[in-house]
>>> print(open('structure20.tsv').read())   # TSV, C-alpha atoms and all ligand atoms
chain	number	residue	atom	x	y	z
H	1	MET	CA	-9.50	21.57	-16.75
H	2	VAL	CA	-9.77	21.67	-12.95
H	3	SER	CA	-7.48	24.18	-11.17
H	4	LYS	CA	-4.60	22.55	-9.33
H	5	ILE	CA	-3.41	25.64	-7.50
H	6	ASN	CA	-2.21	24.79	-3.99
H	7	LYS	CA	-3.28	21.17	-4.10
H	8	PRO	CA	-0.66	18.79	-2.70
H	9	ARG	CA	0.80	16.43	-5.26
H	10	ILE	CA	0.43	12.68	-5.50
H	11	PHE	CA	2.62	10.41	-7.60
H	12	SER	CA	2.23	6.69	-8.12
H	13	GLY	CA	3.12	4.12	-10.75
H	14	VAL	CA	2.10	0.72	-12.03
H	15	GLN	CA	4.35	-1.60	-14.04
H	16	PRO	CA	3.14	-2.81	-17.44
H	17	SER	CA	4.33	-6.30	-16.65
H	18	GLY	CA	1.02	-8.04	-17.38
H	19	ASN	CA	-1.52	-9.97	-15.30
H	20	LEU	CA	-2.75	-6.94	-13.37
H	21	HIS	CA	-4.99	-8.26	-10.63
H	22	ILE	CA	-7.56	-7.34	-8.07
H	23	GLY	CA	-4.76	-6.74	-5.52
H	24	ASN	CA	-3.31	-3.95	-7.70
H	25	TYR	CA	-6.81	-2.52	-7.98
H	26	LEU	CA	-7.83	-2.76	-4.30
H	27	GLY	CA	-4.42	-1.81	-2.88
H	28	ALA	CA	-3.47	1.02	-5.21
H	29	ILE	CA	-5.69	2.01	-8.16
H	30	ILE	CA	-8.79	2.42	-5.98
H	31	GLN	CA	-6.82	5.02	-3.96
H	32	PHE	CA	-5.78	6.88	-7.12
H	33	VAL	CA	-9.42	7.32	-8.09
H	34	ALA	CA	-10.52	8.38	-4.61
H	35	LEU	CA	-7.76	10.98	-4.25
H	36	GLN	CA	-7.90	12.72	-7.62
H	37	ASP	CA	-10.20	15.57	-6.55
H	38	GLU	CA	-8.31	16.39	-3.40
H	39	TYR	CA	-4.80	16.19	-4.88
H	40	ASP	CA	-2.87	17.16	-7.96
H	41	CYS	CA	-2.23	13.65	-9.27
H	42	VAL	CA	0.44	12.19	-11.53
H	43	PHE	CA	0.01	8.53	-12.48
H	44	CYS	CA	2.72	6.77	-14.41
H	45	VAL	CA	2.98	3.59	-16.47
H	46	VAL	CA	6.47	2.63	-15.33
H	47	ASP	CA	7.87	0.88	-18.39
H	48	LEU	CA	11.52	1.44	-17.38
H	49	HIS	CA	10.81	-0.54	-14.22
H	50	ALA	CA	9.16	-3.35	-16.20
H	51	ILE	CA	12.29	-3.93	-18.32
H	52	THR	CA	14.37	-4.80	-15.24
H	53	VAL	CA	13.13	-8.34	-15.92
H	54	PRO	CA	12.99	-9.78	-19.46
H	55	GLN	CA	10.01	-8.58	-21.54
H	56	ASP	CA	8.82	-9.45	-25.02
H	57	PRO	CA	8.85	-6.11	-26.94
H	58	ASP	CA	5.47	-6.59	-28.66
H	59	SER	CA	3.76	-7.66	-25.44
H	60	LEU	CA	5.33	-4.75	-23.58
H	61	ARG	CA	4.00	-2.26	-26.15
H	62	LYS	CA	0.49	-3.73	-25.68
H	63	ARG	CA	0.73	-3.78	-21.89
H	64	ILE	CA	1.72	-0.12	-21.68
H	65	ILE	CA	-1.56	0.78	-23.38
H	66	GLU	CA	-3.38	-1.82	-21.26
H	67	VAL	CA	-2.27	-0.26	-17.95
H	68	ALA	CA	-3.34	3.20	-19.13
H	69	ARG	CA	-6.71	1.69	-20.11
H	70	PHE	CA	-6.99	0.15	-16.63
H	71	PHE	CA	-6.45	3.59	-15.11
H	72	LEU	CA	-9.18	5.05	-17.30
H	73	ALA	CA	-11.62	2.18	-16.78
H	74	ALA	CA	-11.12	2.46	-13.01
H	75	GLY	CA	-12.21	6.09	-13.19
H	76	ILE	CA	-9.05	8.18	-13.39
H	77	ASP	CA	-9.99	11.30	-15.29
H	78	PRO	CA	-7.21	12.56	-17.61
H	79	ALA	CA	-8.66	16.06	-17.40
H	80	LYS	CA	-7.93	16.08	-13.67
H	81	SER	CA	-4.86	13.82	-13.43
H	82	ILE	CA	-1.74	13.39	-15.51
H	83	ILE	CA	-1.39	9.88	-16.95
H	84	PHE	CA	1.87	9.22	-18.81
H	85	GLN	CA	4.49	6.69	-19.82
H	86	GLN	CA	7.70	6.89	-17.77
H	87	SER	CA	10.15	6.54	-20.69
H	88	ASP	CA	8.52	9.51	-22.45
H	89	VAL	CA	10.03	11.81	-19.82
H	90	SER	CA	13.79	11.35	-19.91
H	91	ALA	CA	14.30	13.19	-16.61
H	92	HIS	CA	13.38	9.93	-14.81
H	93	ALA	CA	16.42	8.11	-16.16
H	94	GLU	CA	18.65	11.15	-15.63
H	95	LEU	CA	17.70	11.77	-12.02
H	96	SER	CA	17.90	8.06	-11.34
H	97	TRP	CA	21.54	8.10	-12.44
H	98	ILE	CA	22.31	11.08	-10.23
H	99	LEU	CA	20.60	9.44	-7.24
H	100	ASN	CA	22.69	6.32	-7.88
H	101	THR	CA	25.63	8.37	-6.72
H	102	VAL	CA	23.83	9.16	-3.45
H	103	ALA	CA	22.47	5.65	-2.82
H	104	ARG	CA	24.72	3.03	-1.24
H	105	MET	CA	25.01	-0.66	-2.09
H	106	SER	CA	24.07	-1.31	1.53
H	107	ASP	CA	20.77	0.59	1.08
H	108	LEU	CA	19.81	-1.58	-1.87
H	109	ASN	CA	21.01	-4.79	-0.27
H	110	LYS	CA	18.29	-4.32	2.35
H	111	MET	CA	15.47	-4.25	-0.21
H	112	THR	CA	13.29	-7.34	-0.05
H	113	GLN	CA	11.57	-7.04	-3.46
H	114	PHE	CA	14.87	-7.49	-5.28
H	115	LYS	CA	15.55	-10.64	-3.28
H	116	ASP	CA	12.03	-12.01	-3.92
H	117	LYS	CA	12.32	-11.45	-7.65
H	118	ALA	CA	15.84	-12.86	-7.76
H	119	GLY	CA	14.58	-15.98	-5.95
H	120	ILE	CA	16.82	-15.45	-2.91
H	121	SER	CA	15.22	-17.29	-0.01
H	122	GLU	CA	14.17	-15.49	3.14
H	123	ASP	CA	16.20	-17.97	5.20
H	124	ASP	CA	19.43	-17.21	3.33
H	125	SER	CA	18.74	-13.53	3.56
H	126	LYS	CA	18.00	-13.63	7.32
H	127	PHE	CA	21.06	-15.78	7.94
H	128	LEU	CA	23.23	-13.24	6.15
H	129	GLU	CA	21.68	-10.40	8.08
H	130	ARG	CA	22.41	-12.21	11.38
H	131	MET	CA	25.96	-12.96	10.30
H	132	LYS	CA	26.38	-9.48	8.79
H	133	VAL	CA	28.18	-11.09	5.86
H	134	LYS	CA	29.34	-8.55	3.34
H	135	ILE	CA	29.60	-10.63	0.19
H	136	PHE	CA	30.85	-7.76	-1.88
H	137	ASP	CA	33.69	-7.10	0.58
H	138	SER	CA	34.90	-10.68	1.05
H	139	PRO	CA	38.61	-10.93	0.29
H	140	PRO	CA	39.62	-13.39	-2.44
H	141	GLY	CA	39.99	-16.90	-1.04
H	142	ALA	CA	37.84	-16.17	2.06
H	143	THR	CA	35.52	-18.95	3.18
H	144	ILE	CA	32.03	-17.83	2.27
H	145	PRO	CA	29.04	-19.40	4.08
H	146	LYS	CA	26.56	-21.38	1.95
H	147	ALA	CA	23.82	-18.75	2.37
H	148	ALA	CA	26.18	-16.11	1.05
H	149	LYS	CA	27.07	-18.31	-1.92
H	150	ASN	CA	23.39	-18.89	-2.71
H	151	PHE	CA	22.75	-15.16	-2.45
H	152	TYR	CA	25.69	-14.29	-4.66
H	153	GLU	CA	24.81	-16.88	-7.30
H	154	LYS	CA	21.18	-15.74	-7.49
H	155	ALA	CA	22.15	-12.06	-7.46
H	156	SER	CA	24.64	-12.66	-10.27
H	157	ASN	CA	21.90	-13.82	-12.59
H	158	VAL	CA	19.57	-10.85	-12.40
H	159	SER	CA	19.99	-7.48	-14.08
H	160	VAL	CA	21.72	-4.57	-12.38
H	161	GLY	CA	18.49	-2.72	-13.16
H	162	LEU	CA	16.50	-5.02	-10.89
H	163	PHE	CA	18.89	-4.34	-8.02
H	164	ASP	CA	18.78	-0.62	-8.75
H	165	TYR	CA	15.00	-0.52	-9.25
H	166	PRO	CA	14.25	1.39	-6.01
H	167	VAL	CA	16.52	4.26	-7.05
H	168	LEU	CA	14.54	4.77	-10.26
H	169	MET	CA	11.39	4.68	-8.14
H	170	ALA	CA	12.88	7.39	-5.89
H	171	ALA	CA	13.58	9.50	-9.00
H	172	ASP	CA	9.96	9.07	-10.15
H	173	ILE	CA	8.63	10.33	-6.87
H	174	LEU	CA	11.11	13.13	-6.18
H	175	LEU	CA	10.89	14.74	-9.65
H	176	TYR	CA	7.34	15.91	-8.98
H	177	ASP	CA	7.64	17.50	-5.51
H	178	THR	CA	5.43	14.65	-4.43
H	179	GLU	CA	3.85	14.87	-1.00
H	180	VAL	CA	1.91	11.62	-0.96
H	181	VAL	CA	2.58	8.22	-2.56
H	182	PRO	CA	-0.43	5.89	-2.54
H	183	VAL	CA	0.70	2.25	-2.83
H	184	GLY	CA	0.15	-1.26	-1.52
H	185	ASP	CA	2.23	-2.24	1.50
H	186	ASP	CA	4.87	-4.10	-0.55
H	187	GLN	CA	6.14	-0.69	-1.70
H	188	LEU	CA	6.58	0.76	1.79
H	189	GLN	CA	10.28	-0.08	1.95
H	190	HIS	CA	10.86	1.64	-1.41
H	191	VAL	CA	9.14	4.82	-0.29
H	192	GLU	CA	11.19	4.79	2.91
H	193	LEU	CA	14.35	4.53	0.82
H	194	THR	CA	13.09	7.44	-1.31
H	195	ARG	CA	12.72	9.54	1.85
H	196	ASP	CA	16.23	8.59	2.99
H	197	LEU	CA	17.79	9.44	-0.38
H	198	ALA	CA	15.95	12.77	-0.51
H	199	LYS	CA	17.13	13.69	2.99
H	200	ARG	CA	20.70	12.61	2.20
H	201	PHE	CA	20.75	14.68	-1.00
H	202	ASN	CA	19.23	17.73	0.74
H	203	HIS	CA	21.75	17.43	3.54
H	204	GLN	CA	24.66	17.22	1.12
H	205	PHE	CA	23.58	19.81	-1.47
H	206	GLY	CA	20.91	21.96	0.21
H	207	GLU	CA	17.09	21.65	0.16
H	208	VAL	CA	15.82	20.52	-3.23
H	209	PHE	CA	13.49	17.61	-2.61
H	210	LYS	CA	10.20	17.45	-0.72
H	211	ILE	CA	10.09	14.48	1.64
H	212	PRO	CA	7.13	12.33	0.54
H	213	GLU	CA	4.73	10.44	2.80
H	214	VAL	CA	3.44	6.99	1.96
H	215	LYS	CA	-0.32	6.31	1.86
H	216	ILE	CA	-1.35	2.74	2.49
H	217	LEU	CA	-4.95	1.65	2.98
H	218	LYS	CA	-5.94	0.04	6.28
H	219	SER	CA	-7.84	-2.61	4.38
H	220	GLY	CA	-6.66	-3.82	0.94
H	221	ALA	CA	-2.99	-2.91	1.35
H	222	ARG	CA	-2.02	-6.55	0.94
H	223	ILE	CA	-4.46	-8.80	-0.87
H	224	MET	CA	-3.24	-12.36	-0.50
H	225	ALA	CA	-2.92	-15.19	-3.05
H	226	LEU	CA	-6.11	-17.26	-3.33
H	227	ASP	CA	-4.25	-20.58	-3.42
H	228	ASP	CA	-1.85	-19.68	-0.59
H	229	PRO	CA	-3.17	-16.88	1.62
H	230	THR	CA	0.15	-16.60	3.45
H	231	LYS	CA	1.65	-15.06	0.28
H	232	LYS	CA	0.85	-11.77	-1.44
H	233	MET	CA	-1.30	-11.93	-4.60
H	234	SER	CA	1.22	-11.29	-7.34
H	235	LYS	CA	1.38	-10.74	-11.11
H	236	SER	CA	4.31	-13.10	-11.45
H	237	ALA	CA	3.09	-16.13	-9.42
H	238	GLU	CA	3.14	-19.20	-11.62
H	239	SER	CA	-0.36	-20.37	-10.78
H	240	GLU	CA	-3.14	-18.36	-12.40
H	241	ASN	CA	-5.44	-19.61	-9.65
H	242	SER	CA	-3.53	-17.47	-7.18
H	243	ARG	CA	-4.99	-14.23	-8.54
H	244	ILE	CA	-8.12	-12.66	-10.02
H	245	GLU	CA	-6.88	-10.85	-13.09
H	246	LEU	CA	-8.70	-7.68	-14.11
H	247	LEU	CA	-9.37	-9.21	-17.54
H	248	ASP	CA	-10.45	-12.66	-16.27
H	249	SER	CA	-13.93	-13.58	-17.44
H	250	PRO	CA	-16.33	-13.14	-14.50
H	251	GLU	CA	-17.09	-16.89	-14.65
H	252	LYS	CA	-13.42	-17.86	-14.51
H	253	ALA	CA	-12.87	-15.47	-11.59
H	254	ALA	CA	-15.85	-16.97	-9.73
H	255	LYS	CA	-14.36	-20.44	-10.12
H	256	LYS	CA	-11.05	-19.23	-8.67
H	257	ILE	CA	-12.86	-17.85	-5.62
H	258	MET	CA	-14.76	-21.12	-5.12
H	259	ARG	CA	-11.42	-22.97	-5.22
H	260	ALA	CA	-9.64	-20.55	-2.85
H	261	THR	CA	-7.76	-22.12	0.03
H	262	THR	CA	-9.46	-21.74	3.43
H	263	ASP	CA	-9.11	-23.44	6.82
H	264	SER	CA	-11.08	-26.53	7.82
H	265	ASP	CA	-13.31	-24.61	10.26
H	266	SER	CA	-16.66	-23.13	9.12
H	267	ILE	CA	-16.79	-19.78	10.93
H	268	VAL	CA	-16.63	-16.65	8.77
H	269	LYS	CA	-14.53	-14.33	10.90
H	270	LEU	CA	-11.67	-11.88	10.38
H	271	ASP	CA	-8.58	-13.45	11.91
H	272	TYR	CA	-5.51	-12.99	9.70
H	273	LYS	CA	-3.33	-15.19	11.88
H	274	ASN	CA	-5.52	-18.29	12.14
H	275	LYS	CA	-7.84	-17.78	9.17
H	276	PRO	CA	-5.79	-16.04	6.47
H	277	GLY	CA	-7.88	-17.40	3.57
H	278	ILE	CA	-11.28	-16.40	5.00
H	279	SER	CA	-9.87	-13.05	6.15
H	280	ASN	CA	-8.60	-12.37	2.63
H	281	LEU	CA	-11.99	-13.19	1.11
H	282	LEU	CA	-13.76	-11.06	3.72
H	283	THR	CA	-11.49	-8.14	2.80
H	284	ILE	CA	-12.16	-8.57	-0.93
H	285	HIS	CA	-15.93	-8.79	-0.35
H	286	SER	CA	-15.95	-5.79	1.97
H	287	LEU	CA	-13.95	-3.57	-0.40
H	288	LEU	CA	-16.06	-4.49	-3.43
H	289	SER	CA	-19.49	-4.43	-1.77
H	290	GLY	CA	-18.86	-1.51	0.59
H	291	LYS	CA	-20.22	-3.57	3.51
H	292	ASP	CA	-18.08	-3.53	6.62
H	293	ILE	CA	-16.44	-6.68	7.92
H	294	LYS	CA	-18.60	-6.92	11.07
H	295	GLU	CA	-21.75	-6.74	8.94
H	296	LEU	CA	-20.43	-9.58	6.76
H	297	GLU	CA	-19.46	-11.70	9.79
H	298	ASN	CA	-23.04	-11.32	11.08
H	299	GLU	CA	-24.58	-12.00	7.67
H	300	PHE	CA	-22.67	-15.30	7.36
H	301	ALA	CA	-22.88	-16.42	10.99
H	302	GLY	CA	-24.09	-20.04	11.05
H	303	LYS	CA	-23.70	-20.44	7.27
H	304	GLY	CA	-20.84	-22.51	5.83
H	305	TYR	CA	-17.88	-21.44	3.72
H	306	GLY	CA	-19.68	-22.56	0.54
H	307	ASP	CA	-22.37	-19.88	0.89
H	308	PHE	CA	-19.80	-17.27	1.82
H	309	LYS	CA	-17.55	-18.06	-1.14
H	310	LYS	CA	-20.57	-17.89	-3.49
H	311	ALA	CA	-21.30	-14.40	-2.16
H	312	VAL	CA	-17.67	-13.29	-2.66
H	313	ALA	CA	-17.69	-14.78	-6.18
H	314	GLU	CA	-20.87	-12.83	-6.93
H	315	GLU	CA	-19.30	-9.52	-5.80
H	316	VAL	CA	-16.22	-10.22	-7.91
H	317	LYS	CA	-18.43	-11.01	-10.92
H	318	ILE	CA	-20.38	-7.77	-10.51
H	319	PHE	CA	-17.16	-5.78	-10.24
H	320	LEU	CA	-15.43	-7.40	-13.23
H	321	THR	CA	-18.50	-7.12	-15.46
H	322	ALA	CA	-18.81	-3.37	-14.84
H	323	PHE	CA	-15.03	-2.77	-15.01
H	324	GLN	CA	-14.58	-4.68	-18.25
H	325	ALA	CA	-17.58	-2.98	-19.88
H	326	LYS	CA	-15.80	0.36	-19.34
H	327	TYR	CA	-12.41	-1.09	-20.35
H	328	ASN	CA	-13.80	-2.47	-23.63
H	329	LYS	CA	-15.29	0.87	-24.65
H	330	ILE	CA	-11.91	2.64	-24.53
H	331	ASP	CA	-10.19	3.18	-27.87
H	332	ASP	CA	-6.42	2.56	-27.97
H	333	ASN	CA	-5.88	5.65	-30.14
H	334	ASP	CA	-7.49	7.79	-27.45
H	335	VAL	CA	-5.19	6.14	-24.89
H	336	ARG	CA	-2.14	7.02	-26.99
H	337	ARG	CA	-3.28	10.64	-27.19
H	338	ILE	CA	-3.86	10.75	-23.43
H	339	LEU	CA	-0.35	9.38	-22.78
H	340	GLU	CA	1.21	11.90	-25.17
H	341	ASP	CA	-0.65	14.76	-23.59
H	342	GLY	CA	0.28	13.45	-20.12
H	343	ALA	CA	3.97	13.40	-21.00
H	344	LYS	CA	3.73	17.00	-22.24
H	345	ARG	CA	2.24	18.03	-18.90
H	346	ALA	CA	4.64	15.94	-16.78
H	347	GLU	CA	7.85	16.95	-18.55
H	348	PRO	CA	8.09	20.63	-17.50
H	349	ILE	CA	7.52	19.70	-13.83
H	350	ALA	CA	10.18	17.00	-13.96
H	351	LYS	CA	12.65	19.16	-15.90
H	352	LYS	CA	12.38	21.98	-13.38
H	353	THR	CA	13.40	19.66	-10.53
H	354	LEU	CA	16.17	18.06	-12.58
H	355	GLN	CA	17.55	21.50	-13.45
H	356	LYS	CA	17.67	22.44	-9.76
H	357	VAL	CA	19.46	19.16	-8.98
H	358	LYS	CA	22.02	19.74	-11.75
H	359	GLU	CA	22.70	23.25	-10.49
H	360	ARG	CA	23.27	22.02	-6.97
H	361	ILE	CA	25.72	19.34	-7.97
H	362	GLY	CA	27.51	21.53	-10.49
H	363	ILE	CA	26.64	19.94	-13.84
H	364	ASN	CA	24.22	22.51	-15.25
Y	1	LIG	P1	3.41	-2.85	-9.19
Y	1	LIG	O1	3.22	-2.59	-10.63
Y	1	LIG	O2	4.01	-4.13	-8.78
Y	1	LIG	O3	2.04	-2.74	-8.42
Y	1	LIG	C1	1.19	-1.63	-8.60
Y	1	LIG	C2	0.55	-1.26	-7.27
Y	1	LIG	O4	-0.21	-2.38	-6.77
Y	1	LIG	C3	0.14	-2.64	-5.42
Y	1	LIG	N1	-0.02	-4.08	-5.17
Y	1	LIG	C4	-0.84	-4.60	-4.24
Y	1	LIG	N2	-1.68	-4.03	-3.36
Y	1	LIG	C5	-2.40	-4.86	-2.54
Y	1	LIG	N3	-2.31	-6.21	-2.59
Y	1	LIG	C6	-1.47	-6.83	-3.46
Y	1	LIG	N4	-1.40	-8.15	-3.50
Y	1	LIG	C7	-0.70	-6.01	-4.33
Y	1	LIG	N5	0.21	-6.29	-5.31
Y	1	LIG	C8	0.62	-5.09	-5.80
Y	1	LIG	C9	1.59	-2.19	-5.31
Y	1	LIG	O5	1.94	-1.94	-3.98
Y	1	LIG	C10	1.59	-0.95	-6.18
Y	1	LIG	O6	1.14	0.18	-5.43
Y	1	LIG	N6	7.44	-0.30	-7.78
Y	1	LIG	C11	6.05	-0.16	-8.10
Y	1	LIG	C12	5.79	0.76	-9.26
Y	1	LIG	C13	6.40	2.13	-9.14
Y	1	LIG	C14	5.96	3.16	-8.27
Y	1	LIG	C15	6.80	4.27	-8.55
Y	1	LIG	C16	4.95	3.23	-7.31
Y	1	LIG	C17	7.44	2.60	-9.86
Y	1	LIG	N7	7.67	3.90	-9.50
Y	1	LIG	C18	6.66	5.45	-7.83
Y	1	LIG	C19	4.83	4.43	-6.61
Y	1	LIG	C20	5.65	5.52	-6.88
Y	1	LIG	C21	5.51	-1.55	-8.45
Y	1	LIG	O7	6.24	-2.44	-8.71
Y	1	LIG	O8	4.19	-1.63	-8.52
>>> encode(input="structure20.tsv", output="structure tokens", more="lines below")
Ligand code: TYM
Amino acid sequence: MVSKINKPRIFSGVQPSGNLHIGNYLGAIIQFVALQDEYDCVFCVVDLHAITVPQDPDSLRKRIIEVARFFLAAGIDPAKSIIFQQSDVSAHAELSWILNTVARMSDLNKMTQFKDKAGISEDDSKFLERMKVKIFDSPPGATIPKAAKNFYEKASNVSVGLFDYPVLMAADILLYDTEVVPVGDDQLQHVELTRDLAKRFNHQFGEVFKIPEVKILKSGARIMALDDPTKKMSKSAESENSRIELLDSPEKAAKKIMRATTDSDSIVKLDYKNKPGISNLLTIHSLLSGKDIKELENEFAGKGYGDFKKAVAEEVKIFLTAFQAKYNKIDDNDVRRILEDGAKRAEPIAKKTLQKVKERIGIN
């Protein structure tokens, strides 16, 4: 085992909610692999986060193993990094509860991921922000604007866990004295909340938590949907054509790239504002091939989108073929052992922090 003395710690997590895609890989997992020599890394399969939306128990069990296999196939070395399942270390749920008493409803009301998942429209949300409507404080019988009603109705139908999700994420990060959190840019707001909660707790009870920094890649932080490049590529989008899944057959993935939405121009150029589709494909190509964007723009100057898409599809095929060959060689029993061993290594670190927290608040 490699010595971890004095290496700063990294923590990150991935939900076992299925359909892991090339965005998860290029925005987050690729960073995990690159950072594991420089940092003391803890990577978590966050099953308690996944159950904030309905899950089929048998599928969930399979997906927990699947995410750990993705980590291993991507190149995370369990001898260097801890890989474990969140629910195996009960300190996550315990600290989350304690942090719930530090977090405010107003903190969580600002979180956009909860609103996205609850199906609350951006317009309603912006309207409420402008009006500063406090739905939870409205006196009985008060006239509530339509946007507030929509918000309230949608919010009423999702679990409290989904609303509270960012507090559990803060607990994950803070338990491990984490210094750096590598994520895609959709998680930035959650890491900022984590920092705020840590500072608030430290201020109230004395220094316990390290204040973590977020690490977001310049390129790859937000891979966009293939069928609508103005939206983020997501596991939960209805259309399969929106994403390249890590277990898609290379041929199926190539077809999705060929069908990807682009503009009606024919110039291959990075311009996120006017050419979001082509810019997204350029980013994917560049990250997979290692060629820089300028080099690709020159290579495809004067050629049409058809040739360019074929080249992107080819890179995706090469990547998936190699990735899946590694994935298929991994035995599930080995994965289970790695997760068990990971939990044994994670637990003492987490317990130590939790103990300090309990002492400070007077419940030890
Ligand atoms: P999750 O499971 O949704 O996504 C896993 C990681 O993939 C990144 N990601 C993307 N990156 C680039 N382009 C995209 N289209 C894209 N879609 C997703 C996410 O930013 C994430 O880094 N809340 C987290 C899981 C979590 C966590 C944590 C992360 C729980 N506790 C503590 C860090 C630290 C999530 O839902 O990730």
>>> closest_atom_pairs(input="structure20.tsv", of="chain H", to="ligand LIG 1 (chain Y)", cutoff="8 Å", atoms="only C-alpha atoms and all ligand atoms", output="tab-separated table")
residue	atom	partner	partner_atom	distance
H:Phe11	CA	Y:LIG1	C20	5.8
H:Ser12	CA	Y:LIG1	C19	3.8
H:Gly13	CA	Y:LIG1	C14	3.9
H:Val14	CA	Y:LIG1	O1	3.8
H:Gln15	CA	Y:LIG1	O1	3.7
H:Pro16	CA	Y:LIG1	O1	6.8
H:Ser17	CA	Y:LIG1	O1	7.2
H:Leu20	CA	Y:LIG1	O1	7.9
H:His21	CA	Y:LIG1	N5	7.7
H:Ile22	CA	Y:LIG1	C6	7.7
H:Gly23	CA	Y:LIG1	N3	3.9
H:Asn24	CA	Y:LIG1	O4	3.6
H:Tyr25	CA	Y:LIG1	O4	6.7
H:Leu26	CA	Y:LIG1	C5	6.1
H:Gly27	CA	Y:LIG1	N2	3.6
H:Ala28	CA	Y:LIG1	O6	4.7
H:Ile29	CA	Y:LIG1	C2	7.1
H:Cys44	CA	Y:LIG1	N7	7.5
H:Val46	CA	Y:LIG1	C17	5.6
H:His49	CA	Y:LIG1	C17	6.3
H:Tyr165	CA	Y:LIG1	N6	7.7
H:Pro166	CA	Y:LIG1	N6	7.2
H:Leu168	CA	Y:LIG1	N7	7.0
H:Met169	CA	Y:LIG1	N7	4.0
H:Ala170	CA	Y:LIG1	C18	6.8
H:Asp172	CA	Y:LIG1	C18	5.4
H:Ile173	CA	Y:LIG1	C18	5.3
H:Val181	CA	Y:LIG1	C20	5.9
H:Pro182	CA	Y:LIG1	O6	6.6
H:Val183	CA	Y:LIG1	O6	3.4
H:Gly184	CA	Y:LIG1	O5	3.1
H:Asp185	CA	Y:LIG1	O5	5.5
H:Asp186	CA	Y:LIG1	O5	5.0
H:Gln187	CA	Y:LIG1	O5	4.9
H:Leu188	CA	Y:LIG1	O5	7.9
H:His190	CA	Y:LIG1	N6	7.5
H:Val191	CA	Y:LIG1	C20	7.5
H:Gly220	CA	Y:LIG1	C5	5.6
H:Ala221	CA	Y:LIG1	C5	4.4
H:Arg222	CA	Y:LIG1	N3	3.6
H:Ile223	CA	Y:LIG1	N3	3.8
H:Met224	CA	Y:LIG1	N4	5.5
H:Ala225	CA	Y:LIG1	N4	7.2
H:Lys232	CA	Y:LIG1	N4	4.7
H:Met233	CA	Y:LIG1	N4	3.9
H:Ser234	CA	Y:LIG1	N5	5.5
H:Lys235	CA	Y:LIG1	N5	7.4
>>> atom_distance(input="structure20.tsv", atom1="CA of Val33 in chain H", atom2="CA of Ser279 in chain H")
24.9 Å
>>> closest_atom_pairs(input="structure20.tsv", of="range 17-108 of chain H", to="range 144-162 of chain H", cutoff="10 Å", atoms="all atoms listed in the file", output="Markdown table")
| residue | atom | partner | partner_atom | distance |
| --- | --- | --- | --- | --- |
| H:Leu48 | CA | H:Gly161 | CA | 9.1 |
| H:His49 | CA | H:Leu162 | CA | 8.0 |
| H:Ala50 | CA | H:Leu162 | CA | 9.2 |
| H:Ile51 | CA | H:Gly161 | CA | 8.2 |
| H:Thr52 | CA | H:Leu162 | CA | 4.8 |
| H:Val53 | CA | H:Leu162 | CA | 6.9 |
| H:Pro54 | CA | H:Ser159 | CA | 9.1 |
>>> closest_residue(input="structure20.tsv", among="H:Leu193, H:Ile211, H:Leu281, H:Ala68", to="Asp331 in chain H", atoms="all atoms listed in the file")
H:Ala68
>>> closest_atom_pairs(input="structure20.tsv", of="range 176-234 of chain H", to="range 338-360 of chain H", cutoff="7 Å", atoms="all atoms listed in the file", output="JSON lines")
{"residue": "H:Tyr176", "atom": "CA", "partner": "H:Ala350", "partner_atom": "CA", "distance": 5.8}
{"residue": "H:Phe205", "atom": "CA", "partner": "H:Arg360", "partner_atom": "CA", "distance": 5.9}
{"residue": "H:Val208", "atom": "CA", "partner": "H:Val357", "partner_atom": "CA", "distance": 6.9}
>>> residues_near_point(input="structure20.tsv", point="(-15.8, -3.4, 1.0)", cutoff="12 Å", atoms="all atoms listed in the file", output="list in words")
Leu26, Ile30, Lys218, Ser219, Gly220, Asn280, Leu281, Leu282, Thr283, Ile284, His285, Ser286, Leu287, Leu288, Ser289, Gly290, Lys291, Asp292, Ile293, Lys294, Glu295, Leu296, Val312, Glu315, Val316 and Phe319 of chain H
>>> write_last_selection(input="structure20.tsv", atoms="C-alpha atoms", output="mmCIF file, in the frame of the given file")
data_model
loop_
_atom_site.group_PDB
_atom_site.id
_atom_site.type_symbol
_atom_site.label_atom_id
_atom_site.label_comp_id
_atom_site.auth_asym_id
_atom_site.auth_seq_id
_atom_site.Cartn_x
_atom_site.Cartn_y
_atom_site.Cartn_z
ATOM 1 C CA LEU H 26 -7.830 -2.760 -4.300
ATOM 2 C CA ILE H 30 -8.790 2.420 -5.980
ATOM 3 C CA LYS H 218 -5.940 0.040 6.280
ATOM 4 C CA SER H 219 -7.840 -2.610 4.380
ATOM 5 C CA GLY H 220 -6.660 -3.820 0.940
ATOM 6 C CA ASN H 280 -8.600 -12.370 2.630
ATOM 7 C CA LEU H 281 -11.990 -13.190 1.110
ATOM 8 C CA LEU H 282 -13.760 -11.060 3.720
ATOM 9 C CA THR H 283 -11.490 -8.140 2.800
ATOM 10 C CA ILE H 284 -12.160 -8.570 -0.930
ATOM 11 C CA HIS H 285 -15.930 -8.790 -0.350
ATOM 12 C CA SER H 286 -15.950 -5.790 1.970
ATOM 13 C CA LEU H 287 -13.950 -3.570 -0.400
ATOM 14 C CA LEU H 288 -16.060 -4.490 -3.430
ATOM 15 C CA SER H 289 -19.490 -4.430 -1.770
ATOM 16 C CA GLY H 290 -18.860 -1.510 0.590
ATOM 17 C CA LYS H 291 -20.220 -3.570 3.510
ATOM 18 C CA ASP H 292 -18.080 -3.530 6.620
ATOM 19 C CA ILE H 293 -16.440 -6.680 7.920
ATOM 20 C CA LYS H 294 -18.600 -6.920 11.070
ATOM 21 C CA GLU H 295 -21.750 -6.740 8.940
ATOM 22 C CA LEU H 296 -20.430 -9.580 6.760
ATOM 23 C CA VAL H 312 -17.670 -13.290 -2.660
ATOM 24 C CA GLU H 315 -19.300 -9.520 -5.800
ATOM 25 C CA VAL H 316 -16.220 -10.220 -7.910
ATOM 26 C CA PHE H 319 -17.160 -5.780 -10.240
#
